[in-house]
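Asks: Structure file work11.cif, mmCIF, C-alpha atoms, is pasted below:
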data_work
#
loop_
_atom_site.label_atom_id
_atom_site.label_comp_id
_atom_site.auth_asym_id
_atom_site.auth_seq_id
_atom_site.Cartn_x
_atom_site.Cartn_y
_atom_site.Cartn_z
CA MET A 1 -21.70 27.59 -66.46
CA ALA A 2 -24.60 25.99 -68.31
CA ALA A 3 -23.77 28.04 -71.42
CA VAL A 4 -20.15 26.95 -71.34
CA THR A 5 -20.61 23.27 -70.49
CA GLY A 6 -23.97 22.65 -72.15
CA ALA A 7 -25.10 21.41 -68.71
CA CYS A 8 -23.36 18.13 -69.44
CA GLY A 9 -22.47 15.69 -66.70
CA HIS A 10 -25.32 16.83 -64.46
CA THR A 11 -23.54 20.11 -63.77
CA THR A 12 -26.84 21.91 -63.25
CA GLY A 13 -29.69 20.88 -60.98
CA LEU A 14 -33.25 22.15 -61.30
CA VAL A 15 -35.34 21.68 -58.17
CA GLY A 16 -38.74 23.16 -57.45
CA PRO A 17 -42.41 23.22 -58.50
CA PRO A 18 -43.33 22.76 -62.18
CA GLY A 19 -43.55 26.49 -62.88
CA GLN A 20 -40.08 27.14 -61.52
CA VAL A 21 -38.55 24.16 -63.36
CA ALA A 22 -40.18 25.26 -66.64
CA GLU A 23 -38.92 28.84 -66.27
CA THR A 24 -35.41 27.72 -65.39
CA SER A 25 -35.34 25.23 -68.27
CA THR A 26 -36.26 28.03 -70.66
CA ASP A 27 -33.43 30.18 -69.28
CA HIS A 28 -30.97 27.33 -69.90
CA TYR A 29 -32.30 26.85 -73.42
CA GLU A 30 -31.76 30.54 -74.19
CA ALA A 31 -28.21 30.17 -72.83
CA GLY A 32 -27.49 27.52 -75.44
CA VAL A 33 -28.41 24.25 -73.75
CA SER A 34 -30.21 21.92 -76.17
CA THR A 35 -30.45 18.65 -74.24
CA PHE A 36 -32.24 18.16 -70.92
CA LEU A 37 -32.54 15.16 -68.61
CA ILE A 38 -35.38 15.42 -66.10
CA LEU A 39 -35.49 12.71 -63.44
CA GLY A 40 -36.10 12.09 -59.79
CA PHE A 41 -39.86 11.58 -59.86
CA GLY A 42 -41.37 8.51 -58.23
CA PRO A 43 -43.53 6.52 -57.86
CA PRO A 44 -44.66 6.26 -61.55
CA GLU A 45 -47.99 7.98 -60.93
CA ASP A 46 -46.14 10.99 -59.49
CA ALA A 47 -43.93 11.07 -62.56
CA GLY A 48 -46.99 11.06 -64.81
CA GLN A 49 -48.62 13.88 -62.87
CA ALA A 50 -45.40 15.90 -62.91
CA GLY A 51 -45.16 15.47 -66.68
CA ARG A 52 -48.77 16.55 -67.20
CA GLU A 53 -48.06 19.74 -65.24
CA LEU A 54 -44.54 20.45 -66.49
CA LEU A 55 -44.72 19.82 -70.25
CA PRO A 56 -47.53 22.32 -71.03
CA LEU A 57 -45.62 24.99 -69.10
CA ILE A 58 -42.40 24.30 -71.00
CA ARG A 59 -44.28 24.40 -74.31
CA ALA A 60 -45.88 27.73 -73.40
CA ASP A 61 -42.51 29.19 -72.37
CA ALA A 62 -40.92 27.93 -75.58
CA THR A 63 -43.67 29.60 -77.62
CA ARG A 64 -43.21 32.90 -75.82
CA THR A 65 -39.43 32.63 -76.27
CA GLY A 66 -39.86 32.09 -80.01
CA GLU A 67 -42.22 35.07 -80.27
CA GLY A 68 -39.83 37.25 -78.31
CA SER A 69 -36.85 36.33 -80.45
CA ALA A 70 -38.68 37.20 -83.66
CA GLY A 71 -37.93 40.86 -83.16
CA LYS A 72 -34.23 40.13 -82.59
CA GLY A 73 -33.46 38.29 -85.77
CA GLY A 74 -35.50 35.23 -84.94
CA ARG A 75 -38.04 36.19 -87.59
CA THR A 76 -35.43 35.65 -90.29
CA ALA A 77 -34.61 32.21 -88.95
CA ALA A 78 -38.31 31.35 -88.80
CA MET A 79 -38.83 32.46 -92.39
CA THR A 80 -35.81 30.41 -93.50
CA GLU A 81 -37.24 27.35 -91.74
CA GLN A 82 -40.59 27.87 -93.42
CA ALA A 83 -38.91 28.21 -96.80
CA THR A 84 -37.21 24.84 -96.35
CA THR A 85 -40.27 23.01 -94.99
CA ASP A 86 -41.71 20.33 -97.25
CA TRP A 87 -45.30 21.54 -97.25
CA ARG A 88 -46.40 18.57 -99.34
CA HIS A 89 -45.71 16.21 -96.46
CA ASP A 90 -45.85 18.63 -93.51
CA GLY A 91 -48.75 20.85 -94.58
CA VAL A 92 -52.52 20.39 -94.51
CA ARG A 93 -53.71 16.85 -93.81
CA VAL A 94 -57.10 15.39 -94.75
CA VAL A 95 -57.93 12.20 -92.87
CA PRO A 96 -60.68 10.14 -94.62
CA GLY A 97 -63.57 9.18 -92.37
CA ASP A 98 -63.13 5.50 -93.16
CA GLN A 99 -59.46 5.50 -92.09
CA LEU A 100 -59.72 6.44 -88.40
CA ASP A 101 -57.60 4.65 -85.82
CA THR A 102 -59.58 2.51 -83.36
CA ASN A 103 -56.44 1.56 -81.44
CA THR A 104 -57.37 3.95 -78.61
CA PRO A 105 -58.47 3.42 -74.99
CA GLN A 106 -62.01 2.03 -75.05
CA THR A 107 -64.87 2.07 -72.54
CA PRO A 108 -67.63 -0.57 -72.42
CA GLY A 109 -70.65 0.74 -74.31
CA MET A 110 -68.54 3.23 -76.30
CA ASN A 111 -66.33 3.13 -79.39
CA ARG A 112 -63.59 5.75 -79.89
CA ALA A 113 -61.55 6.35 -83.04
CA ALA A 114 -58.68 8.83 -83.47
CA ALA A 115 -58.50 11.11 -86.50
CA ILE A 116 -56.06 13.83 -85.45
CA ASN A 117 -53.15 13.22 -83.07
CA PHE A 118 -49.36 13.46 -83.04
CA ALA A 119 -48.76 9.95 -84.38
CA ARG A 120 -51.08 10.39 -87.36
CA VAL A 121 -50.57 14.00 -88.47
CA GLY A 122 -48.05 15.54 -86.05
CA ALA A 123 -50.60 17.55 -84.04
CA GLN A 124 -48.96 19.12 -80.98
CA LYS A 125 -51.75 20.66 -78.91
CA LEU A 126 -54.97 18.77 -79.57
CA TRP A 127 -56.61 15.41 -80.21
CA ALA A 128 -59.70 14.87 -82.37
CA GLY A 129 -61.74 11.81 -83.21
CA THR A 130 -65.16 10.22 -83.07
CA VAL A 131 -67.14 8.63 -80.26
CA THR A 132 -70.13 6.32 -80.66
CA ILE A 133 -72.16 5.52 -77.53
CA HIS A 134 -74.37 2.47 -77.77
CA ALA A 135 -78.11 2.73 -77.20
CA HIS A 136 -79.02 3.25 -73.51
CA ALA A 137 -75.33 3.23 -72.53
CA LYS A 138 -73.64 5.66 -70.16
CA THR A 139 -70.26 6.29 -68.59
CA GLY A 140 -69.43 6.41 -64.92
CA ALA A 141 -68.73 9.70 -63.17
CA HIS A 142 -65.29 11.04 -64.12
CA HIS A 143 -63.30 14.12 -65.10
CA HIS A 144 -60.41 14.78 -67.49
CA GLY A 145 -57.99 16.69 -65.29
CA GLU A 146 -56.69 19.89 -66.89
CA LEU A 147 -58.03 18.98 -70.33
CA GLU A 148 -60.81 20.90 -72.05
CA SER A 149 -63.18 18.90 -74.26
CA VAL A 150 -65.61 19.83 -77.02
CA ILE A 151 -68.24 17.37 -78.23
CA TYR A 152 -70.20 17.91 -81.44
CA VAL A 153 -73.32 15.76 -81.82
CA LEU A 154 -73.72 14.21 -85.27
CA ARG A 155 -76.63 11.83 -84.66
CA GLY A 156 -78.73 10.83 -81.69
CA ARG A 157 -79.46 12.50 -78.37
CA ALA A 158 -76.83 13.16 -75.70
CA ARG A 159 -77.63 13.69 -72.05
CA MET A 160 -74.91 15.20 -69.86
CA ARG A 161 -74.89 15.17 -66.06
CA TRP A 162 -72.34 17.10 -64.03
CA GLY A 163 -71.56 18.47 -60.57
CA ASN A 164 -70.24 17.06 -57.32
CA GLN A 165 -73.30 14.80 -57.15
CA LEU A 166 -74.14 14.92 -60.87
CA GLU A 167 -76.95 17.21 -59.80
CA PHE A 168 -77.20 19.14 -63.08
CA THR A 169 -78.26 17.92 -66.51
CA ALA A 170 -78.73 19.12 -70.09
CA GLU A 171 -79.38 17.43 -73.42
CA ALA A 172 -77.91 18.00 -76.87
CA GLY A 173 -79.03 16.89 -80.31
CA PRO A 174 -77.59 16.88 -83.85
CA GLY A 175 -75.73 20.11 -84.58
CA ASP A 176 -75.25 21.01 -80.91
CA PHE A 177 -71.89 21.58 -79.22
CA ILE A 178 -70.99 20.50 -75.68
CA TYR A 179 -68.13 22.09 -73.75
CA VAL A 180 -66.59 20.25 -70.78
CA PRO A 181 -64.22 22.43 -68.69
CA PRO A 182 -61.23 21.04 -66.77
CA PHE A 183 -61.86 19.03 -63.60
CA VAL A 184 -65.69 19.06 -63.91
CA PRO A 185 -67.20 15.77 -62.61
CA HIS A 186 -69.53 14.57 -65.36
CA GLN A 187 -71.26 11.64 -67.03
CA GLU A 188 -72.16 11.07 -70.70
CA ILE A 189 -75.43 9.26 -71.43
CA ASN A 190 -77.11 8.13 -74.63
CA ALA A 191 -80.66 9.37 -74.06
CA SER A 192 -82.08 6.90 -76.61
CA ASP A 193 -82.98 3.28 -75.80
CA THR A 194 -82.81 2.25 -79.46
CA GLU A 195 -80.41 4.48 -81.43
CA PRO A 196 -76.63 4.98 -81.10
CA LEU A 197 -75.22 8.40 -80.27
CA GLU A 198 -72.52 9.57 -82.71
CA CYS A 199 -70.26 12.52 -81.87
CA VAL A 200 -67.03 14.26 -82.81
CA LEU A 201 -64.70 14.79 -79.85
CA VAL A 202 -61.86 17.35 -79.59
CA ARG A 203 -59.51 17.50 -76.59
CA SER A 204 -56.93 20.15 -75.69
CA ASP A 205 -54.05 17.68 -75.32
CA GLN A 206 -52.75 14.37 -76.67
CA GLU A 207 -52.98 12.44 -73.41
CA ALA A 208 -56.25 10.64 -72.64
CA VAL A 209 -56.66 11.71 -69.01
CA VAL A 210 -59.64 10.02 -67.31
CA VAL A 211 -60.06 10.23 -63.54
CA ASN A 212 -62.90 7.92 -62.46
CA LEU A 213 -64.92 9.17 -59.50
CA ASP A 214 -66.88 7.31 -56.82
CA ILE A 215 -69.42 9.98 -55.89
CA PRO A 216 -73.09 9.91 -54.82
CA MET A 217 -75.64 10.82 -57.52
CA VAL A 218 -78.92 12.64 -56.93
CA GLU A 219 -82.04 10.92 -58.28
CA LYS A 220 -83.54 13.97 -60.00
CA PRO A 221 -80.92 16.36 -61.41
CA GLU A 222 -81.78 19.97 -62.19
CA THR A 223 -82.10 20.80 -65.89
CA VAL A 224 -79.86 23.72 -66.82
CA ALA A 225 -80.62 25.76 -69.95
CA TRP A 226 -77.75 27.45 -71.75
CA ILE A 227 -77.90 31.26 -71.70
CA ASP A 228 -75.99 33.13 -74.40
CA PRO A 229 -73.81 35.71 -72.61
CA ILE A 230 -73.13 37.66 -75.82
CA HIS A 231 -76.21 37.81 -78.07
CA LYS A 232 -79.23 39.35 -76.37
CA ALA A 233 -82.78 38.54 -77.40
CA ALA A 234 -84.77 41.26 -79.22
CA GLY A 235 -86.95 41.95 -76.16
CA GLY A 236 -83.97 42.78 -74.00
CA GLY A 237 -83.82 39.35 -72.43
CA GLU A 238 -81.46 36.56 -73.27
CA GLU A 239 -81.82 33.63 -75.61
CA SER A 240 -81.59 30.21 -74.07
CA GLY A 241 -81.66 26.59 -75.11
CA THR A 242 -80.28 23.23 -74.21
CA ALA A 243 -76.56 22.75 -73.96
#
For the structure just supplied, provide its representation as structure tokens.
Replies:
Amino acid sequence: MAAVTGACGHTTGLVGPPGQVAETSTDHYEAGVSTFLILGFGPPEDAGQAGRELLPLIRADATRTGEGSAGKGGRTAAMTEQATTDWRHDGVRVVPGDQLDTNTPQTPGMNRAAAINFARVGAQKLWAGTVTIHAHAKTGAHHHGELESVIYVLRGRARMRWGNQLEFTAEAGPGDFIYVPPFVPHQEINASDTEPLECVLVRSDQEAVVVNLDIPMVEKPETVAWIDPIHKAAGGGEESGTA
């Protein structure tokens, strides 16, 4: 019926958890439906959470659908689309360092600026920008939901604390990378009392998810050295360093 009517007039109802709704939406899309209306979530915070869970699943299903159709004639359509794309305007983008967008959510003691996002370059799956943490400043305990984050230290000294009581710590300097997995309670600290900490930040989604946490903090966290799981040291051991 969806293929015949285009699911117009609310002729089709999708009810269930995000995974089921995403799968069913993909089935309707393959049947020829091109317009969807998703509603029924409330209060607003529930709607936001539903969107954060549902949209990535729909995107993943759409990607798999496109890959699957390539062997059935979809490859020709994809090549035709590429041939008609204006690569001058929709190709590689170089964003000058002095033209970043500071109109982003800000935290006291920190300055964020967006370089790569959907609004500026059309990025679909990531966000990238810079973060400057003032001398001796630190964030509160928080996590970023399902997002993954990568921090590259340009200048200064970063101290990270993480865990249910922020009981673990590691430091990073210029040239070091920091990886923050989903849902990990953590805190960013500028380890210097006099110099700012300058970093490049990359997130795995466009939305700035920050869940502030009211958790107890241990006084003396345990220092955790990074151990390379791939490259073994010459003596048979493992190389290690600060995160």
Asks: Counting all atoms listed in the file, which residue out of A:Pro216, A:Pro185, A:Gly173, A:Gly163 sits closest to Ile151 in chain A?
Replies: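 Checking each candidate against Ile151 in chain A, we get A:Gly173 as the closest.
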Asks: I need the output of the PyMOL selection byres ((chain A and resi 223) around 8) for this file as a list of chain:residue names; which residues are they?
Replies: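 Applying the PyMOL selection byres ((chain A and resi 223) around 8) to the structure shown produces A:Phe168, A:Thr169, A:Ala170, A:Pro221, A:Glu222, A:Val224, A:Ala225.
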Asks: If you apply the PyMOL selection byres ((chain A and resi 106) around 12) to this file, what residues do you get, as an NGL selection string?
Replies: :A and (101-105 or 107-114 or 130-133 or 139 or 208 or 210)
Asks: Emit the selected residues as a PDB file, in the frame of the given file, including C-alpha atoms.
Replies:
ATOM      1  CA  ASP A 101     -57.600   4.650 -85.820  1.00  0.00           C
ATOM      2  CA  THR A 102     -59.580   2.510 -83.360  1.00  0.00           C
ATOM      3  CA  ASN A 103     -56.440   1.560 -81.440  1.00  0.00           C
ATOM      4  CA  THR A 104     -57.370   3.950 -78.610  1.00  0.00           C
ATOM      5  CA  PRO A 105     -58.470   3.420 -74.990  1.00  0.00           C
ATOM      6  CA  THR A 107     -64.870   2.070 -72.540  1.00  0.00           C
ATOM      7  CA  PRO A 108     -67.630  -0.570 -72.420  1.00  0.00           C
ATOM      8  CA  GLY A 109     -70.650   0.740 -74.310  1.00  0.00           C
ATOM      9  CA  MET A 110     -68.540   3.230 -76.300  1.00  0.00           C
ATOM     10  CA  ASN A 111     -66.330   3.130 -79.390  1.00  0.00           C
ATOM     11  CA  ARG A 112     -63.590   5.750 -79.890  1.00  0.00           C
ATOM     12  CA  ALA A 113     -61.550   6.350 -83.040  1.00  0.00           C
ATOM     13  CA  ALA A 114     -58.680   8.830 -83.470  1.00  0.00           C
ATOM     14  CA  THR A 130     -65.160  10.220 -83.070  1.00  0.00           C
ATOM     15  CA  VAL A 131     -67.140   8.630 -80.260  1.00  0.00           C
ATOM     16  CA  THR A 132     -70.130   6.320 -80.660  1.00  0.00           C
ATOM     17  CA  ILE A 133     -72.160   5.520 -77.530  1.00  0.00           C
ATOM     18  CA  THR A 139     -70.260   6.290 -68.590  1.00  0.00           C
ATOM     19  CA  ALA A 208     -56.250  10.640 -72.640  1.00  0.00           C
ATOM     20  CA  VAL A 210     -59.640  10.020 -67.310  1.00  0.00           C
TER      21      VAL A 210
END
Asks: What's around Gly156 in chain A at 12 Å? Count only C-alpha atoms, leave out sequence neighbours fewer than 3 positions away in its own chain, and write the answer as a list in words.
Replies: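 Here the answer would be Val131, Thr132, Ile133, His134, Ala135, His136, Tyr152, Val153, Arg159, Glu171, Ala172, Gly173, Pro174, Gly175, Asp176, Ile189, Asn190, Ala191, Ser192, Asp193, Thr194, Glu195, Pro196, Leu197, Glu198 and Cys199 of chain A.
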Asks: To one decimal place, how far is CA of Thr26 in chain A from CA of Phe183 in chain A in Å?
Replies: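 It comes out at 28.0 Å.
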Asks: Excluding Gly122 in chain A and residues on its chain fewer than 5 positions from it, collect all residues at most 9 Å away from it, counting only C-alpha atoms, and give them as a VMD selection string.
Replies: chain A and resid 90 116 to 117
Asks: Rounded to one decimal place, report the CA of Pro181 in chain A-CA of Asp205 in chain A distance in Å.
Replies: 13.0 Å
Asks: Show me, as a ChimeraX atom specification, the residues that have an atom within 10 Å of Val121 in chain A when counting only C-alpha atoms, minus same-chain residues fewer than 5 positions from it.
Replies: /A:89-95,115-116
Asks: Which residue, A:Ile178, A:Ala128, A:Leu166, A:Ala31, has the smallest gap to His142 in chain A when you use only C-alpha atoms?
Replies: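 Answer, going by the shortest atom-to-atom distance: A:Leu166.
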Asks: Could you please fill out range 117-128 of chain A with all heavy atoms and send it back as a CSV table (one decimal), in the frame of the given file?
Replies:
chain,number,residue,atom,x,y,z
A,117,ASN,N,-54.0,13.3,-84.2
A,117,ASN,CA,-53.2,13.2,-83.1
A,117,ASN,C,-51.7,13.4,-83.6
A,117,ASN,O,-51.4,13.5,-84.8
A,117,ASN,CB,-53.4,11.9,-82.2
A,117,ASN,CG,-53.1,10.7,-83.1
A,117,ASN,OD1,-52.5,10.7,-84.1
A,117,ASN,ND2,-53.7,9.6,-82.6
A,118,PHE,N,-50.8,13.3,-82.6
A,118,PHE,CA,-49.4,13.5,-83.0
A,118,PHE,C,-48.9,12.3,-84.0
A,118,PHE,O,-48.2,12.6,-85.0
A,118,PHE,CB,-48.5,13.5,-81.8
A,118,PHE,CG,-47.0,13.7,-82.1
A,118,PHE,CD1,-46.5,14.9,-82.5
A,118,PHE,CD2,-46.2,12.6,-82.1
A,118,PHE,CE1,-45.1,15.0,-82.8
A,118,PHE,CE2,-44.8,12.7,-82.4
A,118,PHE,CZ,-44.3,13.9,-82.8
A,119,ALA,N,-49.2,11.1,-83.6
A,119,ALA,CA,-48.8,10.0,-84.4
A,119,ALA,C,-49.3,10.0,-85.8
A,119,ALA,O,-48.5,9.6,-86.7
A,119,ALA,CB,-49.2,8.6,-83.7
A,120,ARG,N,-50.5,10.5,-86.0
A,120,ARG,CA,-51.1,10.4,-87.4
A,120,ARG,C,-50.8,11.6,-88.2
A,120,ARG,O,-50.5,11.5,-89.4
A,120,ARG,CB,-52.6,10.2,-87.3
A,120,ARG,CG,-53.0,9.1,-86.4
A,120,ARG,CD,-54.4,8.6,-86.7
A,120,ARG,NE,-54.5,7.8,-87.9
A,120,ARG,CZ,-55.5,7.7,-88.7
A,120,ARG,NH1,-56.6,8.4,-88.5
A,120,ARG,NH2,-55.4,6.9,-89.7
A,121,VAL,N,-50.8,12.8,-87.6
A,121,VAL,CA,-50.6,14.0,-88.5
A,121,VAL,C,-49.6,15.0,-87.9
A,121,VAL,O,-49.3,16.0,-88.4
A,121,VAL,CB,-51.9,14.8,-88.7
A,121,VAL,CG1,-52.9,13.9,-89.4
A,121,VAL,CG2,-52.5,15.3,-87.4
A,122,GLY,N,-49.0,14.7,-86.7
A,122,GLY,CA,-48.0,15.5,-86.0
A,122,GLY,C,-48.7,16.6,-85.2
A,122,GLY,O,-48.0,17.6,-84.8
A,123,ALA,N,-49.9,16.5,-84.9
A,123,ALA,CA,-50.6,17.6,-84.0
A,123,ALA,C,-49.9,17.7,-82.7
A,123,ALA,O,-49.6,16.6,-82.1
A,123,ALA,CB,-52.1,17.2,-83.9
A,124,GLN,N,-49.7,18.9,-82.2
A,124,GLN,CA,-49.0,19.1,-81.0
A,124,GLN,C,-49.9,19.4,-79.8
A,124,GLN,O,-49.5,19.1,-78.7
A,124,GLN,CB,-48.0,20.3,-81.2
A,124,GLN,CG,-47.0,20.1,-82.3
A,124,GLN,CD,-45.9,19.1,-81.9
A,124,GLN,OE1,-45.6,18.9,-80.7
A,124,GLN,NE2,-45.2,18.5,-82.8
A,125,LYS,N,-51.0,20.1,-80.0
A,125,LYS,CA,-51.8,20.7,-78.9
A,125,LYS,C,-53.2,20.2,-78.8
A,125,LYS,O,-53.9,20.7,-78.0
A,125,LYS,CB,-51.8,22.2,-79.0
A,125,LYS,CG,-50.4,22.8,-79.0
A,125,LYS,CD,-50.4,24.3,-79.1
A,125,LYS,CE,-49.0,24.9,-79.0
A,125,LYS,NZ,-49.1,26.4,-79.2
A,126,LEU,N,-53.6,19.2,-79.7
A,126,LEU,CA,-55.0,18.8,-79.6
A,126,LEU,C,-55.1,17.4,-80.1
A,126,LEU,O,-54.2,16.8,-80.7
A,126,LEU,CB,-55.9,19.7,-80.3
A,126,LEU,CG,-55.7,20.0,-81.8
A,126,LEU,CD1,-56.2,18.9,-82.7
A,126,LEU,CD2,-56.3,21.3,-82.2
A,127,TRP,N,-56.2,16.7,-79.8
A,127,TRP,CA,-56.6,15.4,-80.2
A,127,TRP,C,-58.0,15.5,-80.7
A,127,TRP,O,-58.9,16.2,-80.1
A,127,TRP,CB,-56.5,14.4,-79.1
A,127,TRP,CG,-56.8,13.0,-79.4
A,127,TRP,CD1,-56.0,12.0,-79.6
A,127,TRP,CD2,-58.2,12.4,-79.5
A,127,TRP,NE1,-56.6,10.8,-79.9
A,127,TRP,CE2,-58.0,11.0,-79.9
A,127,TRP,CE3,-59.5,12.9,-79.4
A,127,TRP,CZ2,-59.0,10.1,-80.0
A,127,TRP,CZ3,-60.5,12.0,-79.6
A,127,TRP,CH2,-60.3,10.7,-79.9
A,128,ALA,N,-58.3,14.9,-81.8
A,128,ALA,CA,-59.7,14.9,-82.4
A,128,ALA,C,-60.0,13.5,-82.9
A,128,ALA,O,-59.2,12.8,-83.5
A,128,ALA,CB,-59.9,15.9,-83.5
